[in-house]
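Visitor: Below is run-v9.cif; it holds mmCIF, C-alpha atoms.
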```cif
data_start
#
loop_
_atom_site.group_PDB
_atom_site.id
_atom_site.type_symbol
_atom_site.label_atom_id
_atom_site.label_comp_id
_atom_site.auth_asym_id
_atom_site.auth_seq_id
_atom_site.Cartn_x
_atom_site.Cartn_y
_atom_site.Cartn_z
ATOM 1 C CA MET A 1 246.785 240.206 120.607
ATOM 2 C CA ASN A 2 245.847 236.884 122.145
ATOM 3 C CA GLN A 3 246.054 233.906 119.782
ATOM 4 C CA PRO A 4 243.659 230.962 120.186
ATOM 5 C CA ASP A 5 245.243 228.074 122.019
ATOM 6 C CA SER A 6 245.416 225.184 119.547
ATOM 7 C CA SER A 7 246.285 222.830 122.394
ATOM 8 C CA LEU A 8 242.702 222.905 123.764
ATOM 9 C CA PRO A 9 241.192 219.403 123.768
ATOM 10 C CA GLN A 10 238.708 218.704 120.981
ATOM 11 C CA ASP A 11 235.484 216.754 121.507
ATOM 12 C CA ASP A 12 235.940 213.558 119.500
ATOM 13 C CA ASP A 13 232.251 212.649 119.945
ATOM 14 C CA THR A 14 231.071 215.636 117.930
ATOM 15 C CA ILE A 15 229.517 214.652 114.572
ATOM 16 C CA SER A 16 229.577 217.329 111.897
ATOM 17 C CA LEU A 17 227.478 217.612 108.777
ATOM 18 C CA LEU A 18 230.631 216.891 106.821
ATOM 19 C CA ASP A 19 230.955 213.528 108.582
ATOM 20 C CA LEU A 20 227.378 212.647 107.639
ATOM 21 C CA LEU A 21 228.011 213.713 104.050
ATOM 22 C CA VAL A 22 231.070 211.465 103.905
ATOM 23 C CA VAL A 23 229.025 208.484 105.111
ATOM 24 C CA ILE A 24 226.318 209.171 102.517
ATOM 25 C CA THR A 25 228.739 209.581 99.611
ATOM 26 C CA GLU A 26 230.596 206.394 100.566
ATOM 27 C CA ASN A 27 227.308 204.479 100.377
ATOM 28 C CA ILE A 28 225.652 206.461 97.585
ATOM 29 C CA LYS A 29 225.199 203.436 95.308
ATOM 30 C CA LEU A 30 223.431 201.470 98.014
ATOM 31 C CA LEU A 31 221.199 204.435 98.926
ATOM 32 C CA ILE A 32 220.155 204.956 95.294
ATOM 33 C CA LEU A 33 220.048 201.479 93.795
ATOM 34 C CA GLY A 34 218.511 199.867 96.881
ATOM 35 C CA PRO A 35 215.229 201.901 96.955
ATOM 36 C CA VAL A 36 214.977 201.728 93.139
ATOM 37 C CA ALA A 37 215.267 197.945 93.193
ATOM 38 C CA ILE A 38 212.715 197.583 96.003
ATOM 39 C CA ALA A 39 210.318 199.999 94.258
ATOM 40 C CA LEU A 40 210.556 197.950 91.049
ATOM 41 C CA ILE A 41 209.902 194.755 92.993
ATOM 42 C CA ALA A 42 206.841 196.366 94.630
ATOM 43 C CA LEU A 43 205.621 197.504 91.210
ATOM 44 C CA ALA A 44 206.007 193.973 89.853
ATOM 45 C CA VAL A 45 204.037 192.599 92.815
ATOM 46 C CA THR A 46 201.163 194.997 92.119
ATOM 47 C CA PHE A 47 200.883 193.574 88.592
ATOM 48 C CA VAL A 48 200.469 190.100 90.065
ATOM 49 C CA MET A 49 197.829 191.256 92.557
ATOM 50 C CA PRO A 50 194.150 190.910 91.512
ATOM 51 C CA GLN A 51 192.789 193.885 89.579
ATOM 52 C CA ARG A 52 190.222 196.163 91.197
ATOM 53 C CA PHE A 53 187.599 198.218 89.388
ATOM 54 C CA GLU A 54 186.029 201.372 90.830
ATOM 55 C CA SER A 55 182.460 202.586 90.336
ATOM 56 C CA GLU A 56 181.527 206.165 91.224
ATOM 57 C CA SER A 57 178.251 207.975 91.900
ATOM 58 C CA TRP A 58 177.233 211.440 93.118
ATOM 59 C CA LEU A 59 174.319 212.061 95.484
ATOM 60 C CA ARG A 60 172.588 215.219 96.663
ATOM 61 C CA LEU A 61 172.751 214.339 100.354
ATOM 62 C CA GLU A 62 173.908 216.126 103.492
ATOM 63 C CA GLU A 63 177.421 215.736 104.856
ATOM 64 C CA SER A 64 175.955 213.972 107.905
ATOM 65 C CA ALA A 65 175.048 211.023 105.641
ATOM 66 C CA VAL A 66 178.714 210.186 104.904
ATOM 67 C CA PRO A 67 179.313 207.910 107.968
ATOM 68 C CA GLU A 68 176.159 205.921 107.183
ATOM 69 C CA PHE A 69 177.680 204.418 104.038
ATOM 70 C CA THR A 70 180.451 202.696 106.020
ATOM 71 C CA SER A 71 178.375 201.783 109.091
ATOM 72 C CA ALA A 72 177.738 198.144 109.979
ATOM 73 C CA ASN A 73 173.956 198.669 109.758
ATOM 74 C CA VAL A 74 174.232 199.604 106.077
ATOM 75 C CA LEU A 75 177.093 197.291 105.048
ATOM 76 C CA ALA A 76 176.047 194.051 106.762
ATOM 77 C CA PRO A 77 173.036 193.375 104.461
ATOM 78 C CA LEU A 78 175.287 193.998 101.425
ATOM 79 C CA LEU A 79 177.435 190.921 102.035
ATOM 80 C CA VAL A 80 174.813 188.995 100.056
ATOM 81 C CA ASN A 81 175.400 191.367 97.118
ATOM 82 C CA ALA A 82 179.179 190.961 97.345
ATOM 83 C CA PRO A 83 179.913 187.199 97.142
ATOM 84 C CA TRP A 84 183.576 187.868 96.295
ATOM 85 C CA ILE A 85 184.079 189.221 99.827
ATOM 86 C CA ALA A 86 183.639 185.740 101.304
ATOM 87 C CA ALA A 87 186.245 184.396 98.870
ATOM 88 C CA GLU A 88 188.737 187.116 99.842
ATOM 89 C CA ALA A 89 188.158 187.489 103.578
ATOM 90 C CA GLY A 90 185.831 184.705 104.700
ATOM 91 C CA ASN A 91 182.820 185.521 106.862
ATOM 92 C CA GLY A 92 182.036 187.503 110.002
ATOM 93 C CA GLU A 93 184.029 190.537 111.059
ATOM 94 C CA ASN A 94 186.757 189.978 108.456
ATOM 95 C CA ALA A 95 184.201 190.065 105.643
ATOM 96 C CA LEU A 96 182.615 193.236 107.013
ATOM 97 C CA LYS A 97 186.039 194.870 107.359
ATOM 98 C CA ARG A 98 186.971 193.901 103.797
ATOM 99 C CA LEU A 99 183.686 195.293 102.492
ATOM 100 C CA ARG A 100 184.239 198.557 104.380
ATOM 101 C CA GLU A 101 187.664 198.871 102.719
ATOM 102 C CA SER A 102 185.906 198.595 99.325
ATOM 103 C CA VAL A 103 183.681 201.606 100.062
ATOM 104 C CA GLN A 104 184.701 205.258 100.146
ATOM 105 C CA ALA A 105 182.258 208.095 100.871
ATOM 106 C CA SER A 106 183.249 211.771 100.936
ATOM 107 C CA PHE A 107 181.513 215.137 100.813
ATOM 108 C CA ASN A 108 182.410 217.893 98.354
ATOM 109 C CA LYS A 109 181.631 221.140 100.180
ATOM 110 C CA LYS A 110 182.116 223.201 97.045
ATOM 111 C CA ASP A 111 179.340 221.438 95.128
ATOM 112 C CA GLY A 112 177.362 220.254 98.158
ATOM 113 C CA LEU A 113 177.353 216.692 96.823
ATOM 114 C CA LEU A 114 178.242 213.330 98.326
ATOM 115 C CA ARG A 115 180.720 211.207 96.342
ATOM 116 C CA LEU A 116 180.438 207.431 96.649
ATOM 117 C CA LYS A 117 183.103 205.009 95.387
ATOM 118 C CA THR A 118 183.009 201.212 95.454
ATOM 119 C CA GLU A 119 185.679 198.688 94.436
ATOM 120 C CA ALA A 120 185.248 195.116 93.222
ATOM 121 C CA PRO A 121 187.077 192.485 91.132
ATOM 122 C CA SER A 122 184.984 193.254 88.015
ATOM 123 C CA PRO A 123 183.306 196.377 86.534
ATOM 124 C CA GLU A 124 179.820 194.861 86.878
ATOM 125 C CA GLN A 125 180.372 193.912 90.519
ATOM 126 C CA ALA A 126 181.659 197.397 91.345
ATOM 127 C CA GLN A 127 178.595 199.018 89.769
ATOM 128 C CA GLN A 128 176.234 196.532 91.422
ATOM 129 C CA LEU A 129 177.786 197.171 94.833
ATOM 130 C CA ASN A 130 177.422 200.935 94.372
ATOM 131 C CA ARG A 131 173.731 200.586 93.488
ATOM 132 C CA ALA A 132 173.091 198.200 96.365
ATOM 133 C CA LEU A 133 174.866 200.553 98.771
ATOM 134 C CA ILE A 134 172.672 203.488 97.722
ATOM 135 C CA GLU A 135 169.526 201.397 98.222
ATOM 136 C CA ALA A 136 170.749 200.094 101.604
ATOM 137 C CA SER A 137 171.421 203.657 102.732
ATOM 138 C CA ARG A 138 167.939 204.727 101.603
ATOM 139 C CA VAL A 139 166.333 201.896 103.581
ATOM 140 C CA PHE A 140 168.459 202.704 106.630
ATOM 141 C CA SER A 141 167.427 206.374 106.471
ATOM 142 C CA LEU A 142 163.716 205.536 106.651
ATOM 143 C CA PRO A 143 162.034 206.809 109.849
ATOM 144 C CA LYS A 144 161.488 204.244 112.566
ATOM 145 C CA GLY A 145 159.811 204.000 115.947
ATOM 146 C CA ARG A 146 158.758 207.285 117.541
ATOM 147 C CA LYS A 147 159.964 209.344 114.585
ATOM 148 C CA LEU A 148 157.776 207.298 112.245
ATOM 149 C CA GLU A 149 154.750 207.799 114.507
ATOM 150 C CA GLU A 150 155.327 211.570 114.584
ATOM 151 C CA ILE A 151 155.523 211.765 110.777
ATOM 152 C CA GLU A 152 152.350 209.711 110.357
ATOM 153 C CA GLN A 153 150.552 211.950 112.861
ATOM 154 C CA GLN A 154 151.681 215.096 111.027
ATOM 155 C CA ILE A 155 150.461 213.614 107.742
ATOM 156 C CA LYS A 156 146.999 213.101 109.238
ATOM 157 C CA ILE A 157 146.944 216.671 110.568
ATOM 158 C CA ASN A 158 147.918 218.142 107.184
ATOM 159 C CA GLU A 159 145.389 215.992 105.306
ATOM 160 C CA SER A 160 142.653 217.014 107.721
ATOM 161 C CA SER A 161 143.612 220.686 107.371
ATOM 162 C CA LEU A 162 143.460 220.459 103.571
ATOM 163 C CA GLN A 163 140.039 218.822 103.722
ATOM 164 C CA GLU A 164 138.761 221.733 105.819
ATOM 165 C CA LEU A 165 140.406 224.416 103.682
ATOM 166 C CA GLU A 166 139.128 223.193 100.334
ATOM 167 C CA PRO A 167 135.378 223.846 100.816
ATOM 168 C CA VAL A 168 136.065 227.226 102.453
ATOM 169 C CA ILE A 169 138.205 228.339 99.518
ATOM 170 C CA GLN A 170 135.594 227.138 97.036
ATOM 171 C CA ARG A 171 132.785 229.053 98.778
ATOM 172 C CA ILE A 172 134.796 232.266 98.818
ATOM 173 C CA ALA A 173 135.745 231.806 95.168
ATOM 174 C CA GLN A 174 132.103 231.355 94.189
ATOM 175 C CA ASN A 175 130.913 234.473 96.036
ATOM 176 C CA ILE A 176 133.882 236.808 95.799
ATOM 177 C CA ASP A 177 132.286 238.671 92.867
ATOM 178 C CA LYS A 178 129.226 239.448 95.014
ATOM 179 C CA VAL A 179 131.213 241.183 97.739
ATOM 180 C CA THR A 180 130.703 244.934 97.933
ATOM 181 C CA PRO A 181 133.865 246.871 96.937
ATOM 182 C CA GLY A 182 135.563 248.714 99.764
ATOM 183 C CA THR A 183 136.861 247.665 103.142
ATOM 184 C CA GLU A 184 134.750 244.526 103.281
ATOM 185 C CA GLY A 185 135.791 243.481 99.777
ATOM 186 C CA ASP A 186 139.466 244.065 100.574
ATOM 187 C CA ASN A 187 139.211 241.930 103.707
ATOM 188 C CA VAL A 188 137.541 239.084 101.805
ATOM 189 C CA ALA A 189 140.162 239.220 99.041
ATOM 190 C CA ARG A 190 142.973 239.268 101.588
ATOM 191 C CA ALA A 191 141.472 236.306 103.455
ATOM 192 C CA TYR A 192 141.096 234.424 100.172
ATOM 193 C CA ILE A 193 144.772 234.983 99.280
ATOM 194 C CA ASN A 194 145.890 233.889 102.762
ATOM 195 C CA LEU A 195 143.846 230.697 102.486
ATOM 196 C CA ILE A 196 145.344 229.920 99.066
ATOM 197 C CA GLU A 197 148.870 230.416 100.464
ATOM 198 C CA LEU A 198 148.035 228.272 103.512
ATOM 199 C CA LYS A 199 146.745 225.515 101.241
ATOM 200 C CA GLY A 200 149.962 225.610 99.215
ATOM 201 C CA THR A 201 152.052 225.398 102.395
ATOM 202 C CA ARG A 202 150.033 222.436 103.676
ATOM 203 C CA GLU A 203 150.393 220.623 100.345
ATOM 204 C CA ARG A 204 154.191 221.127 100.301
ATOM 205 C CA ASP A 205 154.488 219.960 103.895
ATOM 206 C CA LEU A 206 152.406 216.890 103.069
ATOM 207 C CA GLN A 207 154.646 216.031 100.119
ATOM 208 C CA ASP A 208 157.773 216.420 102.256
ATOM 209 C CA LEU A 209 156.348 214.188 104.971
ATOM 210 C CA LYS A 210 155.389 211.469 102.498
ATOM 211 C CA ARG A 211 158.843 211.715 100.928
ATOM 212 C CA LYS A 212 160.384 211.089 104.336
ATOM 213 C CA LEU A 213 158.406 207.869 104.592
ATOM 214 C CA LEU A 214 159.960 206.672 101.323
ATOM 215 C CA GLY A 215 163.485 207.971 101.960
ATOM 216 C CA PHE A 216 165.505 209.729 99.279
ATOM 217 C CA GLY A 217 164.669 208.780 95.715
ATOM 218 C CA GLY A 218 166.039 209.132 92.222
ATOM 219 C CA GLU A 219 165.885 212.914 92.457
ATOM 220 C CA MET A 220 168.809 212.748 94.903
ATOM 221 C CA ILE A 221 171.046 210.828 92.496
ATOM 222 C CA VAL A 222 172.991 213.399 90.462
ATOM 223 C CA GLN A 223 175.152 210.748 88.752
ATOM 224 C CA SER A 224 174.185 207.077 88.676
ATOM 225 C CA PRO A 225 176.822 204.442 89.538
ATOM 226 C CA SER A 226 179.300 204.270 86.667
ATOM 227 C CA LEU A 227 180.495 201.145 84.897
ATOM 228 C CA PRO A 228 184.330 201.328 84.991
ATOM 229 C CA GLN A 229 186.123 200.658 81.720
ATOM 230 C CA ARG A 230 189.613 199.986 83.119
ATOM 231 C CA PRO A 231 191.067 198.841 86.473
ATOM 232 C CA ASN A 232 192.047 201.315 89.145
ATOM 233 C CA ASN A 233 195.823 201.810 88.905
ATOM 234 C CA GLN A 234 196.161 204.649 91.412
ATOM 235 C CA LYS A 235 197.113 202.341 94.270
ATOM 236 C CA ARG A 236 199.759 200.710 92.095
ATOM 237 C CA GLY A 237 201.714 203.961 91.857
ATOM 238 C CA LEU A 238 201.132 204.744 95.542
ATOM 239 C CA VAL A 239 202.469 201.353 96.642
ATOM 240 C CA THR A 240 205.545 201.786 94.442
ATOM 241 C CA ILE A 241 206.332 205.259 95.806
ATOM 242 C CA LEU A 242 205.801 204.253 99.441
ATOM 243 C CA ALA A 243 207.988 201.156 99.018
ATOM 244 C CA GLY A 244 210.797 203.269 97.539
ATOM 245 C CA LEU A 245 210.592 205.922 100.258
ATOM 246 C CA ALA A 246 210.348 203.430 103.130
ATOM 247 C CA SER A 247 213.287 201.365 101.869
ATOM 248 C CA GLY A 248 215.338 204.527 101.313
ATOM 249 C CA MET A 249 214.794 205.663 104.906
ATOM 250 C CA ALA A 250 215.559 202.169 106.222
ATOM 251 C CA LEU A 251 218.801 201.932 104.221
ATOM 252 C CA LEU A 252 219.870 205.429 105.310
ATOM 253 C CA LEU A 253 219.325 204.462 108.954
ATOM 254 C CA PHE A 254 221.251 201.213 108.401
ATOM 255 C CA VAL A 255 224.191 203.084 106.849
ATOM 256 C CA PHE A 256 224.423 205.532 109.767
ATOM 257 C CA ILE A 257 224.170 202.765 112.375
ATOM 258 C CA ARG A 258 226.833 200.685 110.616
ATOM 259 C CA SER A 259 229.154 203.686 110.345
ATOM 260 C CA GLY A 260 228.638 204.553 114.012
ATOM 261 C CA TRP A 261 229.294 200.944 115.049
ATOM 262 C CA ARG A 262 232.533 200.792 113.079
ATOM 263 C CA SER A 263 233.707 204.049 114.635
ATOM 264 C CA ALA A 264 232.856 202.789 118.097
ATOM 265 C CA THR A 265 234.810 199.545 117.634
ATOM 266 C CA GLN A 266 237.907 201.579 116.798
ATOM 267 C CA ASN A 267 237.568 203.767 119.895
ATOM 268 C CA PRO A 268 239.110 202.145 123.003
ATOM 269 C CA GLY A 269 236.874 204.211 125.263
ATOM 270 C CA ASP A 270 233.735 202.597 123.802
ATOM 271 C CA ALA A 271 234.945 199.005 124.106
ATOM 272 C CA SER A 272 233.064 198.357 127.363
ATOM 273 C CA LYS A 273 229.837 199.737 125.883
ATOM 274 C CA ILE A 274 230.136 197.465 122.866
ATOM 275 C CA GLN A 275 230.672 194.436 125.108
ATOM 276 C CA ARG A 276 227.518 195.319 127.076
ATOM 277 C CA ILE A 277 225.520 195.639 123.870
ATOM 278 C CA ARG A 278 226.733 192.248 122.633
ATOM 279 C CA GLN A 279 225.866 190.635 125.958
ATOM 280 C CA SER A 280 222.370 192.169 125.913
ATOM 281 C CA LEU A 281 221.809 190.718 122.432
ATOM 282 C CA GLY A 282 223.077 187.294 123.504
ATOM 283 C CA LEU A 283 226.199 187.508 121.310
ATOM 284 C CA LYS A 284 229.629 186.251 122.193
ATOM 285 C CA PRO A 285 231.943 188.905 123.652
ATOM 286 C CA SER A 286 234.406 190.357 121.194
ATOM 287 C CA ASN A 287 238.052 189.400 121.529
ATOM 288 C CA HIS A 288 239.123 192.868 120.501
ATOM 289 C CA GLY A 289 239.870 194.977 123.484
ATOM 290 C CA PRO A 290 241.203 198.433 123.868
ATOM 291 C CA GLY A 291 244.579 198.930 122.161
#
```
Take the structure I supplied and represent it as structure tokens, if you would.
Guide:
Amino acid sequence: MNQPDSSLPQDDDTISLLDLLVVITENIKLLILGPVAIALIALAVTFVMPQRFESESWLRLEESAVPEFTSANVLAPLLVNAPWIAAEAGNGENALKRLRESVQASFNKKDGLLRLKTEAPSPEQAQQLNRALIEASRVFSLPKGRKLEEIEQQIKINESSLQELEPVIQRIAQNIDKVTPGTEGDNVARAYINLIELKGTRERDLQDLKRKLLGFGGEMIVQSPSLPQRPNNQKRGLVTILAGLASGMALLLFVFIRSGWRSATQNPGDASKIQRIRQSLGLKPSNHGPG
């Protein structure tokens, strides 16, 4: 039976999982205490940062209305209603960007409702901004130009149709008892019912058209903007977690790079590569050469 030849050369550049585990265990304190310390520092910083309060409202609007609440056409007029924006971000594009960051609109497909959140330094300002945003969106949704002309024309047509239907329906109603029973009576009754249904359709269409001229109203507001009772602390926890994870990954990368550098400095075959790296970084060449 052939025995494996133990004299075969081994690849010294191969890194096993055991090697990585050794590096991690040798630096376990740094990899644990480092992210914890940075996370605690980040948490302390969030306590120093200004508090933010969040107001929430629910609207019965279509999903297509979501982008409107963060569009420049809707937000720009609101800078007057948000004086704290100028104090935080100045004026112009920075103020508009800061205001957009204070607004969050999303659509709940399960309930078919639009959720609107606004943030501000105080509960009253958050609620005021939410109300102003709803009103700005309503104004922006009003028909304009050619669409406005078409709606006004349709209103006139429906009003004229109702004016013509009303006297006809009244005449039939006054004389329907005089109609002879039979085929003629059935036709008159059927015509009368059709005219009543047509009148109802015209009245509903007229109401819808007039509603479009006014935009959505209070009937679309399922929940009015709330007045927050306590600051929003969700971002505080998120910042702490992200700081801990990011620092942990950075320290792990640092530990591996440091371990690889130390191994390379002890390998005579990598001496020339190390010298090239030091020269590229503008460092003085190392006096340690291959043994």
Visitor: May I ask for the distance between atom CA of A:Val36 and atom CA of A:Phe256, given in Å to one decimal place?
Guide: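 Going from atom CA of A:Val36 over to atom CA of A:Phe256 covers 19.5 Å.
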Visitor: Exactly which residues make up the result of the PyMOL selection byres ((chain A and resi 152) around 12) on this file, given as a VMD selection string?
Guide: chain A and resid 143 to 151 153 to 159 206 208 to 213
Visitor: Which value, in Å to one decimal, gives the distance between atom CA of A:Glu203 and atom CA of A:Arg190?
Guide: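 One can read the atom CA of A:Glu203 to atom CA of A:Arg190 distance as 20.1 Å.
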Visitor: Please tabulate, as CSV, the residues of stretch 125-241 of chain A that come within 10 Å of stretch 94-111 of chain A, each with its closest pair of atoms and the distance in Å to one decimal, counting all atoms listed in the file and ordering rows by chain, then residue number upward.
Guide:
```
residue,atom,partner,partner_atom,distance
A:Ala126,CA,A:Ser102,CA,9.1
A:Leu129,CA,A:Val103,CA,9.0
A:Asn130,CA,A:Val103,CA,8.5
A:Leu133,CA,A:Val103,CA,9.0
```
Visitor: In the coordinates of the file, take the point (170.1, 213.5, 94.7) and a cut-off of 7 Å; then, counting all atoms listed in the file, name each qualifying protein, DNA or RNA residue as JSON, numbers by chain.
Guide: {"A": [59, 60, 61, 218, 219, 220, 221, 222]}
Visitor: To one decimal in Å, tell me the separation between atom CA of A:Glu56 and atom CA of A:Arg115.
Guide: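 Interatomic distance here is 7.2 Å.
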